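Undergrad: Here you go, one structure.
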Amino acid sequence: MIDRNDKSAILQCSEPAPAARMFGWSMVAALAAFLANNVLTVAFGLPGPAAVLTGGGGLAWLQAALCAVGVSVAVFYVLRTPRRALRRDADRLHRFNMYLVRACFWTVLLVGIADAAIALARVEGFFAGLLNEETVRELGRSRWVGWHVHIPLAVVGAIVALFSRAPGFDWLALLIVVAELAIVITRFVFSYEQALMGDLVRYWYAALFLFASAYTLFDEGHVRVDVLYSGFGRTVRGYVNAFGAILLGMTTCWVIIAIGFDGRQSIINSPVANFEITQTGGVGMFVKYHMALFLAVFAITMLIQFVSYYFEAVADYRDDPGHRDHEPAAH
């Protein structure tokens with residue numbers, strides 16, 4: 001059994017597996033190119049790579065070329081490192097993915113606290129006399145709060161994640177319990193409640209379940225409906241897991257990404273671009289657009305983790321050293 005916290009324990013080189021590695025890294029490169037093109041299309045008004053089919057012009061071809069360049073870089077990397085072990089690639093992807101998850105965790109923690117405090121001060125009028133009228137008015141606009149509060153805190157969260165190694169799910173779960181307890185106490189003891197209190201609980205709940213999914217996949221914590229799997233040997237399990245990662249895991253993630261980022265008015269792009277808020281308006285938190293983005297974080301981190309899982313599964317099928325032992329949870 002291998003210890004993932006000890007990099008030296010992971011096999012550095014193995015027999016070449018060019019086809020599996022090219023497929024996996026091309027999947028990651030295609031994801032990066034897709035997300036980059038989405039930003040170019042939504043934020044800067046470029047036509048998108050699909051516009052080459054309808055005469056979109058040079059910019060559309062430039063975006064299409066970005067996809068081709070991304071895949072070419074992935075193929076070049078595999079050819080330059082022909083004997084790189086599949087488990088080493090899997091570990092590299094997993095560690096990068098866990099950084100993304102940690103950065104998102106710290107972001108929702110900081111934004112949740114800051115936005116709830118701003119919402120409470122806005123509702124109770126605490127800003128009056130402390131800030132000038134223009135600043136108070138800006139604090140009531142989601143776009144201003146997004147640019148001047150949420151985005152800087154997201155940068156801070158990404159920096160903190162560089163030095164933190166724990167995913168932080170336990171702490172987030174504890175904060176949810178504290179937030180729920182605060183609602184109970186203020187409602188039934190003091191007969192006081194604000195919309196922002198429910199917004200905060202929903203915000204953290206959504207982050208907990210969607211951000212933790214990739215780590216749960218790595219730790220084999222998802223429910224597996226076990227009919228035949230427990231009776232398979234390691235190589236057969238590797239074969240099943242590899243094809244399952246492609247046909248069920250990666251396909252599902254790509255469907256979510258394709259629908260969620262399908263143009264400027266899609267279910268993810270539109271709320272984020274407009275800093276969408278709930279119907280409670282100025283009496284609640286300005287984080288509804290974050291919750292649309294949570295779906296993207298879920299699909300992106302799960303796709304990367306499925307590629308890592310695929311590399312591990314192919315290594316198991318080849319019976320490469322360094323297998324991680326997990327007892328499947330049969331249900």
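Residues are referred to by chain and number: the chain letter is A, B, ... according to the order shown in the structure tokens, the number counts from 1 in that chain, and ligands are numbered separately from 1 in the order shown.
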Neighbours of A:Val156 within 10 Å (only C-alpha atoms; same-chain residues fewer than 3 positions away dropped), as a list in words?
TA: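 Contacts, with the query itself left out: Ala103, Trp106, Thr107, Leu110, His150, Ile151, Pro152, Leu153, Ile159, Val160 and Ala161 of chain A.
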Undergrad: Let me see the file: selected residues, C-alpha atoms, as a CSV table (one decimal), in the first residue's frame.
TA:
```csv
chain,number,residue,atom,x,y,z
A,103,ALA,CA,-8.7,27.7,-2.5
A,106,TRP,CA,-11.0,29.4,2.0
A,107,THR,CA,-12.8,31.7,-0.5
A,110,LEU,CA,-13.9,34.4,4.0
A,150,HIS,CA,-15.5,39.0,-3.1
A,151,ILE,CA,-12.8,38.9,-5.7
A,152,PRO,CA,-10.0,40.3,-3.4
A,153,LEU,CA,-11.1,37.7,-0.8
A,159,ILE,CA,-2.9,32.4,-1.3
A,160,VAL,CA,-3.9,30.9,2.0
A,161,ALA,CA,-4.5,27.6,0.2
```
Undergrad: Give me the residues near stretch 176-192 of chain A as a ChimeraX atom specification, where near means some atom within 7 Å (using only C-alpha atoms) and where sequence neighbours in that chain fewer than 6 positions away do not count.
TA: /A:201,204-205
Undergrad: So that I can see what lies close to A:Pro47, please list as a PyMOL selection string the residues with an atom at most 8 Å from it, counting only C-alpha atoms and leaving out residues fewer than 2 positions away in the same chain.
TA: chain A and resi 41+45+49-51+56+59-60
Undergrad: Pick the closest to A:Thr301 from A:Gly198, A:Ala313, A:Leu93, A:Pro82: which is it, counting only C-alpha atoms?
TA: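 Smallest separation from A:Thr301 among the options: A:Leu93.
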Undergrad: Considering only alpha helix (DSSP H) as DSSP defines it on the backbone, what residues of stretch 24-104 of chain A qualify? List them as a ChimeraX atom specification.
TA: /A:24-44,58-80,86-104
Undergrad: Nearest to A:Val155 among A:Ala30, A:Val108, A:Ala17, A:Val283, with distances taken over only C-alpha atoms: which residue is it?
TA: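 With only C-alpha atoms as the atom set, the closest residue is A:Val108.
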Undergrad: Taking only C-alpha atoms into account, which of A:Cys67, A:Glu15, A:Leu175, A:Met250 comes nearest A:Arg202?
TA: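 Comparing A:Cys67, A:Glu15, A:Leu175, A:Met250 against A:Arg202, the winner is A:Leu175.
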Undergrad: Can you pull out every residue within 7 Å of stretch 289-293 of chain A, counting only C-alpha atoms, but drop anything in the same chain fewer than 3 positions away, and send it as a short mmCIF file (atom, residue, chain, number, x, y, z; two decimals) with all heavy atoms, in the first residue's frame?
TA:
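And here's out-v8.cif as it stands now:
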```
data_model
loop_
_atom_site.label_atom_id
_atom_site.label_comp_id
_atom_site.auth_asym_id
_atom_site.auth_seq_id
_atom_site.Cartn_x
_atom_site.Cartn_y
_atom_site.Cartn_z
N TYR A 203 -25.35 28.77 1.54
CA TYR A 203 -24.08 29.04 0.84
C TYR A 203 -23.02 28.04 1.27
O TYR A 203 -22.34 27.42 0.44
CB TYR A 203 -23.67 30.47 1.17
CG TYR A 203 -22.39 30.95 0.53
CD1 TYR A 203 -22.26 31.02 -0.85
CD2 TYR A 203 -21.33 31.40 1.32
CE1 TYR A 203 -21.10 31.50 -1.44
CE2 TYR A 203 -20.17 31.88 0.74
CZ TYR A 203 -20.05 31.92 -0.64
OH TYR A 203 -18.90 32.40 -1.21
N ILE A 268 -24.68 29.12 -15.83
CA ILE A 268 -23.53 29.53 -15.01
C ILE A 268 -23.03 30.90 -15.44
O ILE A 268 -22.82 31.78 -14.61
CB ILE A 268 -22.40 28.49 -15.10
CG1 ILE A 268 -22.84 27.17 -14.46
CG2 ILE A 268 -21.14 29.00 -14.39
CD1 ILE A 268 -21.81 26.05 -14.58
N PRO A 271 -25.56 34.19 -14.43
CA PRO A 271 -25.55 34.70 -13.04
C PRO A 271 -24.21 35.31 -12.65
O PRO A 271 -24.17 36.33 -11.96
CB PRO A 271 -25.85 33.44 -12.21
CG PRO A 271 -26.53 32.51 -13.14
CD PRO A 271 -25.94 32.77 -14.48
N VAL A 272 -23.11 34.69 -13.08
CA VAL A 272 -21.79 35.20 -12.71
C VAL A 272 -21.53 36.55 -13.38
O VAL A 272 -21.05 37.50 -12.74
CB VAL A 272 -20.69 34.19 -13.09
CG1 VAL A 272 -19.30 34.78 -12.86
CG2 VAL A 272 -20.85 32.92 -12.27
N PHE A 275 -23.61 39.21 -11.59
CA PHE A 275 -23.55 39.23 -10.12
C PHE A 275 -24.95 39.07 -9.54
O PHE A 275 -25.40 39.86 -8.71
CB PHE A 275 -22.91 40.52 -9.62
CG PHE A 275 -21.45 40.64 -9.97
CD1 PHE A 275 -21.05 41.24 -11.17
CD2 PHE A 275 -20.47 40.15 -9.12
CE1 PHE A 275 -19.71 41.35 -11.49
CE2 PHE A 275 -19.12 40.26 -9.44
CZ PHE A 275 -18.74 40.85 -10.64
N GLU A 276 -25.63 38.03 -9.98
CA GLU A 276 -27.04 37.82 -9.64
C GLU A 276 -27.22 37.63 -8.13
O GLU A 276 -26.41 36.99 -7.46
CB GLU A 276 -27.55 36.58 -10.39
CG GLU A 276 -29.03 36.34 -10.25
CD GLU A 276 -29.49 35.19 -11.14
OE1 GLU A 276 -29.24 35.28 -12.37
OE2 GLU A 276 -30.06 34.22 -10.62
N ILE A 277 -28.33 38.17 -7.60
CA ILE A 277 -28.66 38.03 -6.19
C ILE A 277 -30.04 37.40 -6.05
O ILE A 277 -30.77 37.24 -7.04
CB ILE A 277 -28.64 39.39 -5.45
CG1 ILE A 277 -29.68 40.34 -6.04
CG2 ILE A 277 -27.25 40.01 -5.53
CD1 ILE A 277 -29.78 41.66 -5.29
N ALA A 296 -19.94 24.76 -11.45
CA ALA A 296 -18.77 24.68 -12.32
C ALA A 296 -17.58 24.11 -11.57
O ALA A 296 -16.84 23.27 -12.11
CB ALA A 296 -18.44 26.06 -12.88
N VAL A 297 -17.38 24.56 -10.32
CA VAL A 297 -16.28 24.03 -9.52
C VAL A 297 -16.43 22.53 -9.33
O VAL A 297 -15.46 21.76 -9.44
CB VAL A 297 -16.23 24.74 -8.15
CG1 VAL A 297 -15.20 24.08 -7.24
CG2 VAL A 297 -15.90 26.21 -8.33
#
```
Undergrad: Between A:Ala43, A:Ala117, A:Met197, A:Ala64, which has the minimum distance to A:Asn274 (counting only C-alpha atoms)?
TA: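 The shortest atom-to-atom distance to A:Asn274 comes from A:Ala43.
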Undergrad: Could you check which of A:Leu248, A:Ala273, A:Ala315, A:Ile259 is closest to A:Val42, using only C-alpha atoms?
TA: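 The answer is A:Ala273, which sits nearest to A:Val42.
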Undergrad: Which is closest to A:Glu312 among A:Val227, A:Ile256, A:Ile246, A:Ala90, if we use only C-alpha atoms?
TA: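 Of A:Val227, A:Ile256, A:Ile246, A:Ala90, the one nearest A:Glu312, counting only C-alpha atoms, is A:Ala90.
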